[in-house]
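Pasting structure.txt here (compact mmCIF, C-alpha atoms):
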```txt
# COMPACT_ATOMS: atom_id res chain seq x y z
CA MET G 1 35.53 1.77 -78.88
CA THR G 2 37.14 3.83 -81.61
CA ALA G 3 39.94 6.32 -81.03
CA GLY G 4 37.66 9.27 -81.75
CA ALA G 5 34.81 8.25 -79.40
CA LYS G 6 34.29 9.73 -75.97
CA ALA G 7 34.72 7.33 -73.05
CA ALA G 8 34.02 7.60 -69.35
CA ARG G 9 37.53 6.37 -68.68
CA VAL G 10 40.70 6.66 -70.71
CA VAL G 11 43.45 4.20 -69.81
CA PHE G 12 47.06 4.71 -70.84
CA SER G 13 49.95 2.39 -70.09
CA GLY G 14 53.39 1.89 -71.59
CA ILE G 15 56.00 -0.83 -71.61
CA GLN G 16 59.64 -0.65 -72.65
CA PRO G 17 60.74 -2.63 -75.75
CA THR G 18 62.94 -5.15 -73.97
CA GLY G 19 62.22 -8.01 -76.35
CA VAL G 20 60.38 -11.08 -75.09
CA PRO G 21 58.92 -10.15 -71.67
CA GLN G 22 59.84 -11.94 -68.49
CA LEU G 23 57.28 -13.39 -66.09
CA GLY G 24 57.24 -10.27 -63.91
CA ASN G 25 56.26 -8.09 -66.89
CA TYR G 26 53.53 -10.52 -67.82
CA LEU G 27 51.99 -10.94 -64.38
CA GLY G 28 52.52 -7.36 -63.24
CA THR G 29 51.57 -5.46 -66.40
CA ILE G 30 50.48 -7.36 -69.49
CA LYS G 31 47.91 -9.63 -67.86
CA ASN G 32 46.31 -6.53 -66.35
CA TRP G 33 46.18 -4.87 -69.79
CA VAL G 34 44.29 -7.87 -71.12
CA ARG G 35 41.87 -7.86 -68.18
CA LEU G 36 41.08 -4.17 -68.69
CA GLN G 37 39.87 -4.92 -72.23
CA ASP G 38 36.70 -6.40 -70.74
CA GLU G 39 35.68 -3.07 -69.18
CA LEU G 40 32.97 -1.19 -71.03
CA ASP G 41 32.99 2.55 -71.77
CA THR G 42 36.79 2.58 -71.53
CA GLN G 43 39.25 3.71 -74.18
CA ARG G 44 42.66 1.99 -73.93
CA PHE G 45 46.01 3.21 -75.25
CA TYR G 46 48.85 0.70 -74.85
CA SER G 47 52.23 1.97 -76.00
CA ILE G 48 55.61 0.37 -76.61
CA VAL G 49 57.64 3.29 -75.28
CA ASP G 50 60.70 3.19 -77.51
CA LEU G 51 61.64 6.83 -76.79
CA HIS G 52 62.01 5.94 -73.11
CA ALA G 53 64.31 3.11 -74.16
CA LEU G 54 66.84 5.66 -75.44
CA THR G 55 67.71 6.80 -71.90
CA VAL G 56 70.27 3.98 -71.88
CA PRO G 57 72.58 3.07 -74.81
CA ARG G 58 70.83 0.70 -77.23
CA ASN G 59 72.02 -0.97 -80.41
CA PRO G 60 69.69 0.38 -83.15
CA LYS G 61 69.17 -2.96 -84.88
CA ARG G 62 68.59 -4.71 -81.55
CA LEU G 63 66.14 -2.01 -80.45
CA ARG G 64 64.03 -2.46 -83.58
CA GLN G 65 64.09 -6.25 -83.17
CA GLU G 66 63.14 -6.11 -79.49
CA THR G 67 60.35 -3.67 -80.24
CA MET G 68 58.79 -6.16 -82.66
CA GLU G 69 59.31 -9.01 -80.19
CA MET G 70 57.50 -7.03 -77.51
CA ALA G 71 54.64 -6.25 -79.91
CA ALA G 72 54.33 -9.94 -80.81
CA ALA G 73 54.37 -10.89 -77.14
CA LEU G 74 51.64 -8.40 -76.24
CA ILE G 75 49.36 -9.67 -78.99
CA SER G 76 50.13 -13.29 -78.07
CA CYS G 77 49.22 -12.60 -74.43
CA GLY G 78 45.81 -11.32 -75.48
CA VAL G 79 46.18 -7.60 -76.17
CA ASP G 80 43.64 -7.24 -78.97
CA PRO G 81 44.30 -4.46 -81.53
CA GLU G 82 40.53 -4.39 -82.15
CA LYS G 83 39.82 -3.55 -78.50
CA SER G 84 42.88 -1.45 -77.63
CA VAL G 85 45.07 1.08 -79.42
CA LEU G 86 48.48 -0.62 -79.57
CA PHE G 87 51.29 1.56 -80.94
CA ARG G 88 54.95 2.52 -80.88
CA GLN G 89 55.47 5.76 -78.98
CA SER G 90 57.97 7.26 -81.43
CA THR G 91 55.50 7.11 -84.33
CA VAL G 92 53.35 9.76 -82.61
CA PRO G 93 55.43 12.98 -82.67
CA GLN G 94 53.07 14.81 -80.32
CA HIS G 95 54.60 12.87 -77.41
CA SER G 96 57.87 14.75 -77.92
CA GLN G 97 56.11 18.05 -78.60
CA LEU G 98 54.17 17.88 -75.35
CA HIS G 99 57.29 16.71 -73.52
CA TRP G 100 58.97 20.01 -74.41
CA VAL G 101 55.94 22.09 -73.43
CA LEU G 102 55.56 20.38 -70.06
CA GLY G 103 59.31 20.62 -69.48
CA THR G 104 59.08 24.40 -69.71
CA ILE G 105 56.77 24.55 -66.68
CA THR G 106 58.22 21.69 -64.57
CA PRO G 107 60.57 22.85 -61.77
CA VAL G 108 63.93 21.08 -61.49
CA GLY G 109 63.15 20.55 -57.81
CA TRP G 110 60.25 18.27 -58.70
CA LEU G 111 62.51 16.10 -60.85
CA ASN G 112 65.24 16.17 -58.22
CA ARG G 113 62.88 14.32 -55.85
CA MET G 114 62.35 11.43 -58.27
CA THR G 115 64.01 8.25 -57.03
CA GLN G 116 64.37 6.27 -60.25
CA TRP G 117 67.10 8.41 -61.83
CA LYS G 118 68.99 8.08 -58.56
CA SER G 119 68.71 4.29 -58.51
CA LYS G 120 69.71 4.12 -62.20
CA LEU G 121 72.72 6.32 -61.51
CA GLN G 122 73.72 4.09 -58.61
CA GLN G 123 73.40 1.01 -60.85
CA GLN G 124 75.65 2.64 -63.46
CA HIS G 125 78.32 3.37 -60.82
CA GLN G 126 78.19 0.16 -58.79
CA ASN G 127 81.95 0.17 -58.23
CA GLU G 128 81.98 3.72 -56.86
CA GLU G 129 80.87 5.10 -53.54
CA LEU G 130 77.81 7.27 -54.12
CA PRO G 131 75.63 9.06 -51.58
CA ASP G 132 72.41 7.27 -50.61
CA GLN G 133 69.19 8.35 -52.32
CA GLN G 134 68.25 10.73 -49.52
CA GLN G 135 71.45 12.72 -50.01
CA LEU G 136 71.91 12.32 -53.77
CA ASN G 137 70.65 15.28 -55.79
CA VAL G 138 71.24 16.86 -59.16
CA HIS G 139 73.85 19.20 -57.70
CA SER G 140 75.93 16.34 -56.22
CA SER G 141 79.34 15.78 -57.80
CA ALA G 142 78.24 12.18 -58.40
CA ALA G 143 75.40 13.45 -60.62
CA GLN G 144 77.52 15.61 -62.92
CA GLY G 145 77.63 12.82 -65.50
CA LEU G 146 73.84 12.35 -65.32
CA LEU G 147 72.31 12.48 -68.80
CA THR G 148 69.46 14.93 -69.35
CA GLY G 149 67.19 12.27 -70.86
CA LEU G 150 67.39 10.10 -67.76
CA PHE G 151 66.71 13.09 -65.51
CA THR G 152 63.73 14.42 -67.48
CA TYR G 153 62.10 11.21 -68.65
CA PRO G 154 59.39 11.47 -65.95
CA VAL G 155 58.21 14.56 -67.86
CA LEU G 156 58.02 12.46 -71.04
CA MET G 157 56.02 9.92 -69.04
CA ALA G 158 53.67 12.71 -67.98
CA SER G 159 53.30 13.76 -71.61
CA ASP G 160 52.47 10.16 -72.57
CA VAL G 161 49.62 10.19 -70.07
CA LEU G 162 48.31 13.73 -70.55
CA LEU G 163 48.48 13.71 -74.37
CA TYR G 164 45.55 11.26 -74.39
CA LYS G 165 43.85 12.97 -71.42
CA ALA G 166 44.13 9.66 -69.61
CA THR G 167 42.10 9.23 -66.43
CA HIS G 168 43.48 5.90 -65.23
CA ILE G 169 47.03 4.52 -65.36
CA PRO G 170 47.74 0.86 -64.45
CA VAL G 171 51.21 0.78 -62.87
CA GLY G 172 53.41 -1.11 -60.46
CA GLU G 173 54.39 0.32 -57.08
CA ASP G 174 57.70 1.65 -58.43
CA GLN G 175 55.89 3.96 -60.88
CA VAL G 176 53.45 5.59 -58.45
CA GLN G 177 55.79 8.55 -57.87
CA HIS G 178 55.79 9.29 -61.61
CA ILE G 179 51.98 9.34 -61.76
CA GLU G 180 51.95 11.70 -58.81
CA LEU G 181 54.32 13.95 -60.78
CA ALA G 182 51.99 13.77 -63.79
CA ARG G 183 49.15 14.89 -61.52
CA ASP G 184 51.24 17.80 -60.24
CA ILE G 185 52.13 18.83 -63.80
CA SER G 186 48.47 18.56 -64.85
CA ILE G 187 47.40 20.87 -62.01
CA HIS G 188 50.26 23.27 -62.72
CA PHE G 189 49.47 23.44 -66.46
CA ASN G 190 45.77 24.02 -65.88
CA LYS G 191 46.48 26.75 -63.33
CA THR G 192 49.20 28.42 -65.43
CA PHE G 193 47.06 28.63 -68.56
CA LYS G 194 43.70 29.03 -66.78
CA THR G 195 42.20 25.96 -68.40
CA ARG G 196 40.73 22.56 -67.61
CA MET G 197 42.74 20.92 -70.36
CA PHE G 198 44.02 17.90 -68.45
CA PRO G 199 42.18 15.61 -66.03
CA LEU G 200 43.89 14.33 -62.89
CA PRO G 201 45.10 10.81 -63.79
CA GLU G 202 44.61 8.15 -61.14
CA TYR G 203 46.97 5.22 -60.77
CA MET G 204 45.68 1.66 -60.64
CA LEU G 205 47.99 -0.69 -58.73
CA THR G 206 48.18 -4.14 -60.26
CA ALA G 207 47.14 -7.07 -58.06
CA THR G 208 50.53 -8.72 -58.60
CA LYS G 209 52.75 -5.99 -57.21
CA ARG G 210 56.17 -7.58 -57.75
CA VAL G 211 57.67 -10.86 -58.92
CA MET G 212 61.05 -11.44 -57.36
CA SER G 213 64.20 -13.01 -58.74
CA LEU G 214 64.44 -16.81 -58.77
CA ARG G 215 68.05 -16.55 -57.58
CA ASP G 216 67.70 -13.76 -55.00
CA PRO G 217 64.12 -13.30 -53.74
CA GLN G 218 65.10 -9.95 -52.19
CA LYS G 219 65.52 -8.45 -55.68
CA LYS G 220 62.91 -7.78 -58.35
CA MET G 221 62.89 -10.14 -61.34
CA SER G 222 64.52 -8.24 -64.20
CA LYS G 223 65.90 -8.80 -67.68
CA SER G 224 68.87 -6.62 -66.75
CA ASP G 225 70.06 -9.27 -64.28
CA PRO G 226 73.11 -10.96 -65.89
CA ASN G 227 72.05 -14.32 -64.44
CA LYS G 228 69.47 -15.82 -66.83
CA GLN G 229 68.47 -18.33 -64.14
CA SER G 230 66.98 -15.43 -62.17
CA ARG G 231 64.00 -15.03 -64.50
CA ILE G 232 61.50 -16.88 -66.63
CA THR G 233 60.74 -15.41 -70.05
CA LEU G 234 57.68 -16.06 -72.18
CA SER G 235 59.87 -17.87 -74.72
CA ASP G 236 61.33 -20.37 -72.23
CA SER G 237 60.67 -24.04 -72.95
CA ASP G 238 58.79 -26.23 -70.49
CA ASP G 239 62.05 -27.83 -69.40
CA GLU G 240 63.73 -24.45 -68.86
CA ILE G 241 60.83 -23.25 -66.72
CA ALA G 242 60.85 -26.41 -64.60
CA ARG G 243 64.64 -26.26 -64.14
CA LYS G 244 64.69 -22.60 -63.11
CA ILE G 245 61.94 -23.09 -60.54
CA ARG G 246 63.53 -26.30 -59.27
CA LYS G 247 66.76 -24.39 -58.55
CA ALA G 248 65.02 -21.44 -56.85
CA PRO G 249 66.14 -20.97 -53.21
CA THR G 250 63.70 -21.86 -50.43
CA ASP G 251 64.50 -22.77 -46.79
CA SER G 252 64.62 -25.71 -44.41
CA ILE G 253 61.46 -24.87 -42.44
CA GLY G 254 58.88 -27.66 -42.53
CA GLY G 255 55.64 -27.11 -44.44
CA ILE G 256 54.67 -24.31 -46.79
CA SER G 257 53.55 -20.90 -45.53
CA TYR G 258 53.31 -17.39 -46.93
CA ASP G 259 55.69 -15.09 -45.05
CA PRO G 260 57.53 -12.66 -47.38
CA LYS G 261 59.87 -11.40 -44.65
CA GLY G 262 60.62 -14.67 -42.90
CA ARG G 263 60.43 -16.97 -45.94
CA PRO G 264 61.12 -14.82 -49.03
CA GLY G 265 62.03 -17.67 -51.38
CA VAL G 266 59.00 -19.81 -50.58
CA SER G 267 56.71 -16.76 -50.57
CA ASN G 268 57.93 -15.67 -54.00
CA LEU G 269 57.02 -19.05 -55.49
CA ILE G 270 53.63 -18.96 -53.75
CA SER G 271 52.91 -15.50 -55.16
CA ILE G 272 53.89 -16.63 -58.68
CA TYR G 273 51.53 -19.61 -58.41
CA ALA G 274 48.74 -17.42 -57.01
CA ALA G 275 49.11 -14.82 -59.78
CA VAL G 276 49.10 -17.46 -62.52
CA ARG G 277 46.10 -19.28 -61.07
CA GLY G 278 44.22 -16.10 -60.14
CA VAL G 279 43.92 -16.81 -56.40
CA GLU G 280 45.04 -15.01 -53.24
CA ASN G 281 48.51 -15.73 -51.85
CA GLU G 282 47.09 -17.01 -48.56
CA ASP G 283 44.73 -19.41 -50.36
CA ALA G 284 47.61 -20.72 -52.47
CA ALA G 285 49.67 -21.29 -49.32
CA LYS G 286 46.84 -23.28 -47.72
CA GLU G 287 46.63 -25.43 -50.84
CA MET G 288 50.34 -26.22 -50.47
CA GLN G 289 50.74 -26.22 -46.69
CA ALA G 290 51.36 -29.96 -46.29
CA MET G 291 53.75 -30.22 -49.26
CA SER G 292 57.51 -30.51 -49.30
CA ASN G 293 59.56 -27.85 -51.07
CA LYS G 294 60.05 -30.25 -53.95
CA GLU G 295 56.34 -30.90 -54.35
CA MET G 296 55.57 -27.21 -54.09
CA LYS G 297 58.10 -26.35 -56.80
CA GLU G 298 56.67 -29.00 -59.11
CA MET G 299 53.19 -27.54 -58.61
CA VAL G 300 54.39 -23.99 -59.30
CA ALA G 301 56.34 -25.08 -62.37
CA GLN G 302 53.33 -26.87 -63.87
CA ALA G 303 51.11 -23.84 -63.30
CA VAL G 304 53.61 -21.55 -65.03
CA ILE G 305 54.08 -24.00 -67.91
CA ASP G 306 50.31 -24.24 -68.41
CA GLU G 307 50.13 -20.45 -68.59
CA ILE G 308 53.14 -19.79 -70.81
CA ALA G 309 53.13 -22.67 -73.31
CA PRO G 310 50.17 -21.35 -75.40
CA ILE G 311 51.65 -17.84 -75.37
CA ARG G 312 55.03 -19.15 -76.55
CA GLN G 313 53.39 -21.04 -79.43
CA ARG G 314 51.31 -18.03 -80.46
CA MET G 315 54.37 -15.75 -80.29
CA THR G 316 56.22 -17.97 -82.75
CA GLU G 317 53.28 -17.69 -85.15
CA VAL G 318 53.00 -13.89 -84.83
CA LEU G 319 56.73 -13.31 -85.31
CA GLY G 320 56.60 -15.59 -88.33
CA ASP G 321 54.53 -13.00 -90.22
CA GLN G 322 56.38 -9.70 -89.74
CA ASP G 323 54.37 -7.92 -92.44
CA HIS G 324 51.08 -8.64 -90.67
CA LEU G 325 52.55 -7.59 -87.32
CA GLU G 326 53.77 -4.32 -88.83
CA SER G 327 50.31 -3.78 -90.33
CA LEU G 328 48.63 -4.23 -86.93
CA LEU G 329 51.00 -1.71 -85.35
CA ARG G 330 50.46 0.83 -88.13
CA GLN G 331 46.70 0.56 -87.70
CA GLY G 332 47.06 1.30 -84.00
CA GLU G 333 49.45 4.16 -84.69
CA GLU G 334 46.97 5.79 -87.04
CA LYS G 335 44.35 5.70 -84.27
CA ALA G 336 46.81 7.05 -81.70
CA ARG G 337 47.84 9.91 -84.01
CA GLU G 338 44.19 10.79 -84.60
CA THR G 339 43.62 11.35 -80.87
CA ALA G 340 47.05 12.88 -80.28
CA ASP G 341 46.65 15.37 -83.14
CA ARG G 342 43.21 16.47 -81.96
CA ASN G 343 44.40 16.97 -78.39
CA TRP G 344 47.64 18.65 -79.45
CA ARG G 345 45.69 21.22 -81.44
CA GLU G 346 43.73 22.09 -78.29
CA ILE G 347 46.96 22.35 -76.29
CA ALA G 348 48.69 24.49 -78.93
CA ARG G 349 45.71 26.82 -79.13
CA CYS G 350 45.71 27.14 -75.34
CA ILE G 351 49.41 28.11 -75.06
CA GLY G 352 49.65 30.32 -78.14
CA LEU G 353 51.29 28.03 -80.69
CA PRO G 354 50.07 27.48 -84.28
CA TYR G 355 47.39 24.81 -84.57
```
Write out the structure in this file as C-alpha cells.
Amino acid sequence: MTAGAKAARVVFSGIQPTGVPQLGNYLGTIKNWVRLQDELDTQRFYSIVDLHALTVPRNPKRLRQETMEMAAALISCGVDPEKSVLFRQSTVPQHSQLHWVLGTITPVGWLNRMTQWKSKLQQQHQNEELPDQQQLNVHSSAAQGLLTGLFTYPVLMASDVLLYKATHIPVGEDQVQHIELARDISIHFNKTFKTRMFPLPEYMLTATKRVMSLRDPQKKMSKSDPNKQSRITLSDSDDEIARKIRKAPTDSIGGISYDPKGRPGVSNLISIYAAVRGVENEDAAKEMQAMSNKEMKEMVAQAVIDEIAPIRQRMTEVLGDQDHLESLLRQGEEKARETADRNWREIARCIGLPY
C-alpha cells in the first residue's frame, strides 16, 4: 500500500538507533514488525527514532553509524521497504513541529506521572540515594538536573504516533503508559480545537513481552548492560551464541519446567526458545521436561543459531553496500514526508498556523 492510500489500519512503531539489535529487540519488536507486513489493508510506518536518541549524550559519528547498522538489521530481519515505510525520524521535520504543538497543550502533571524518566534518572544517579518512583517528581531536589528532552520525550512519542494518524501501535509492556498518554493528548487536542483530527491509537502488546538478561534473569536484556555476556546480538557468531547460553544461570532442580518466579533462569531460556520457534512457553517446557540443564541449553542455543545465522549473513551484505542502503532509506523518507506534510497542513489549518 502506498503512503498516500487510505487504509483501515495505520500502524506506527519506532526503534532507537542502538546499532546491531540484541535478541530482545528482535523477538520483542522487529519480528512483530515483519509479521504485521502480511496484514492486508494496513499502512505501516517503521521509524528509526534518532531524535529520541538525543535524550542521552551520543557521539555524532557513532550515532550515524549505529543508525545505519539498525537500518541494515531491520532490512535483514525481513522489514521490506516495498511493504512498509522505513525511515529516519529526523528527516521528517513535522515530527518536531507537532511535538511543539502538542507540548503547548500537555499539562506538566501528565508528564510527571510518567515512570520512564524517573527510572532513567535513577540509573544516571546510581551512587546517590534518590526517592523511589512513587515519591520522585519533577519538583524533587533530585530532579533539578533533569534535562527537558528526557522529561518531554513522551510528547515527541505522541507526535510520532499522531502525525501519521496511527490507529495501532505495537509496543512492549514498558511503553504502554506512553501510548495511554498519546491517547489522552489525542482526546485533549480534539476537544480543545473542536475537531476529530486524531484517532485514538490502540496499543498491540507483542507476544514475546520481555527477554531477560543471560547473566541476571531478573533484569531485562539490554545493550546498556556493561556485561556483554548478558545479551546476544544479531551479529554474534555461532560460537558466541552457544557460549553465552551455556554460561546462563539456571538452578539445581531436576527436570525442566516453566516457572518465571521460582525458576527465572530456566524460564528465560524456555521463553527464548519458544519465541524463536513460534510455540507457547508451556509447550516448549513439555518438549524439554526430561532434559538436563546442559541438554536444554544446547537445544536453545541451536534454535537461536538457526534463527540468527541467516540474518547475520544478510546484514553483512546490506552493510557492504552503503549507497544502496541510503537509497532505500531515502525512498522511505520521501513517502513518510508525503503523509506527514499532508497531515501537518490539516493540523496547521486547524490551529491557525500557515499551511
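The gap separating CA of Met70 in chain G from CA of Leu147 in chain G is 26.0 Å, in Å to one decimal.
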Give me the residues of range 89-191 of chain G that have any atom at most 10 Å from an atom of range 328-350 of chain G; for each, the nearest atom pair and the distance in Å, rounded to one decimal. Use all atoms listed in the file, sort by chain and number, and format it as a Markdown table.
```
| residue | atom | partner | partner_atom | distance |
| --- | --- | --- | --- | --- |
| G:Gln89 | CA | G:Glu333 | CA | 8.5 |
| G:Ser90 | CA | G:Glu333 | CA | 9.6 |
| G:Thr91 | CA | G:Glu333 | CA | 6.7 |
| G:Val92 | CA | G:Arg337 | CA | 5.7 |
| G:Pro93 | CA | G:Arg337 | CA | 8.3 |
| G:Gln94 | CA | G:Ala340 | CA | 6.3 |
| G:His95 | CA | G:Ala340 | CA | 8.1 |
| G:Gln97 | CA | G:Trp344 | CA | 8.5 |
| G:Leu98 | CA | G:Trp344 | CA | 7.7 |
| G:Val101 | CA | G:Ala348 | CA | 9.4 |
| G:Asp160 | CA | G:Ala340 | CA | 9.8 |
| G:Leu162 | CA | G:Asn343 | CA | 9.3 |
| G:Leu163 | CA | G:Ala340 | CA | 6.1 |
| G:Tyr164 | CA | G:Ala340 | CA | 6.3 |
| G:Lys165 | CA | G:Asn343 | CA | 8.1 |
| G:Asn190 | CA | G:Cys350 | CA | 10.0 |
```
| request: Could you check which of G:Phe189, G:Phe45, G:Trp110, G:Tyr153 is closest to His168 in chain G, using all atoms listed in the file? | output: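 Once distances to His168 in chain G are computed over all atoms listed in the file, the minimum belongs to G:Phe45.
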| Could you work out how far CA of Phe151 in chain G lies from CA of Arg183 in chain G, giving the answer in Å with one decimal? | 18.1 Å
Kindly provide the residues of range 211-239 of chain G that approach range 252-270 of chain G to within 9 Å, each paired with its closest atom pair and their distance in Å to one decimal, based on all atoms listed in the file, listed by chain and increasing number, as a Markdown table.
```
| residue | atom | partner | partner_atom | distance |
| --- | --- | --- | --- | --- |
| G:Val211 | CA | G:Asn268 | CA | 6.9 |
| G:Met212 | CA | G:Asn268 | CA | 6.2 |
| G:Ser213 | CA | G:Asn268 | CA | 8.3 |
| G:Leu214 | CA | G:Gly265 | CA | 7.8 |
| G:Arg215 | CA | G:Gly265 | CA | 8.7 |
| G:Asp216 | CA | G:Gly265 | CA | 7.8 |
| G:Pro217 | CA | G:Gly265 | CA | 5.4 |
| G:Gln218 | CA | G:Pro264 | CA | 7.0 |
```
| said: The residues within 12 Å of (61.6, -11.3, -72.3), using all atoms listed in the file and the coordinates of the file, should be reported as a ChimeraX atom specification; which are they? | reply: /G:15-26,66-74,221-225,228,231-236,312,315
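Between CA of Ser186 in chain G and CA of Asn112 in chain G lies a distance of 18.2 Å.
The shortest atom-to-atom distance to Leu86 in chain G, with all atoms listed in the file taken into account, belongs to G:Arg44 out of G:Arg44, G:His139, G:Arg9, G:Arg243.
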| message | Under the rule that only C-alpha atoms are counted, which of G:Val318, G:Leu54, G:Ala158, G:Val11 is the nearest residue to Val85 in chain G? | response |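 Distance minimum relative to Val85 in chain G lands on G:Val11.
Among G:Ile351, G:Ile30, G:Met114, G:Ala8, the residue with the shortest atom-to-atom distance to Thr195 in chain G, counting all atoms listed in the file, is G:Ile351.
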| Counting all atoms listed in the file, the residue of G:Lys297, G:Arg210, G:His99, G:Lys191 that sits nearest Ala275 in chain G |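 Of the candidates, the smallest distance to Ala275 in chain G is held by G:Arg210.
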| task | Pick out the closest residue to Ile305 in chain G from this set: G:Glu282, G:Asp184, G:Asp238, G:Asp41. Count only C-alpha atoms. | result |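 Smallest separation from Ile305 in chain G among the options: G:Asp238.
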Could range 207-221 of chain G be written out with N, CA and C atoms, as a PDB file, in the first residue's frame, please?
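Final output, saved to part.pdb:
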```pdb
ATOM      1  N   ALA G 207       3.753 -10.664  21.473  1.00  0.00           N
ATOM      2  CA  ALA G 207       3.625 -11.971  22.130  1.00  0.00           C
ATOM      3  C   ALA G 207       4.803 -12.230  23.064  1.00  0.00           C
ATOM      4  N   THR G 208       6.010 -11.875  22.612  1.00  0.00           N
ATOM      5  CA  THR G 208       7.196 -12.005  23.461  1.00  0.00           C
ATOM      6  C   THR G 208       7.325 -10.715  24.255  1.00  0.00           C
ATOM      7  N   LYS G 209       6.880 -10.738  25.500  1.00  0.00           N
ATOM      8  CA  LYS G 209       6.812  -9.493  26.261  1.00  0.00           C
ATOM      9  C   LYS G 209       8.197  -8.998  26.663  1.00  0.00           C
ATOM     10  N   ARG G 210       9.039  -9.894  27.215  1.00  0.00           N
ATOM     11  CA  ARG G 210      10.373  -9.467  27.619  1.00  0.00           C
ATOM     12  C   ARG G 210      11.353 -10.620  27.494  1.00  0.00           C
ATOM     13  N   VAL G 211      12.556 -10.313  27.054  1.00  0.00           N
ATOM     14  CA  VAL G 211      13.660 -11.269  27.096  1.00  0.00           C
ATOM     15  C   VAL G 211      14.605 -10.770  28.175  1.00  0.00           C
ATOM     16  N   MET G 212      14.948 -11.649  29.091  1.00  0.00           N
ATOM     17  CA  MET G 212      15.735 -11.240  30.243  1.00  0.00           C
ATOM     18  C   MET G 212      17.221 -11.494  30.011  1.00  0.00           C
ATOM     19  N   SER G 213      18.010 -10.854  30.851  1.00  0.00           N
ATOM     20  CA  SER G 213      19.468 -10.948  30.773  1.00  0.00           C
ATOM     21  C   SER G 213      19.944 -12.385  30.943  1.00  0.00           C
ATOM     22  N   LEU G 214      20.993 -12.750  30.213  1.00  0.00           N
ATOM     23  CA  LEU G 214      21.583 -14.089  30.343  1.00  0.00           C
ATOM     24  C   LEU G 214      22.508 -14.189  31.550  1.00  0.00           C
ATOM     25  N   ARG G 215      22.759 -13.096  32.227  1.00  0.00           N
ATOM     26  CA  ARG G 215      23.570 -13.118  33.452  1.00  0.00           C
ATOM     27  C   ARG G 215      22.730 -12.904  34.705  1.00  0.00           C
ATOM     28  N   ASP G 216      21.634 -12.161  34.575  1.00  0.00           N
ATOM     29  CA  ASP G 216      20.734 -11.911  35.705  1.00  0.00           C
ATOM     30  C   ASP G 216      19.303 -11.946  35.171  1.00  0.00           C
ATOM     31  N   PRO G 217      18.629 -13.096  35.265  1.00  0.00           N
ATOM     32  CA  PRO G 217      17.300 -13.246  34.667  1.00  0.00           C
ATOM     33  C   PRO G 217      16.204 -12.415  35.344  1.00  0.00           C
ATOM     34  N   GLN G 218      16.574 -11.615  36.345  1.00  0.00           N
ATOM     35  CA  GLN G 218      15.619 -10.694  36.955  1.00  0.00           C
ATOM     36  C   GLN G 218      15.631  -9.343  36.230  1.00  0.00           C
ATOM     37  N   LYS G 219      16.611  -9.127  35.360  1.00  0.00           N
ATOM     38  CA  LYS G 219      16.751  -7.863  34.635  1.00  0.00           C
ATOM     39  C   LYS G 219      16.477  -8.081  33.156  1.00  0.00           C
ATOM     40  N   LYS G 220      15.972  -7.043  32.506  1.00  0.00           N
ATOM     41  CA  LYS G 220      15.692  -7.102  31.075  1.00  0.00           C
ATOM     42  C   LYS G 220      17.002  -7.117  30.285  1.00  0.00           C
ATOM     43  N   MET G 221      17.059  -7.923  29.222  1.00  0.00           N
ATOM     44  CA  MET G 221      18.224  -7.912  28.343  1.00  0.00           C
ATOM     45  C   MET G 221      18.353  -6.532  27.717  1.00  0.00           C
TER      46      MET G 221
END
```
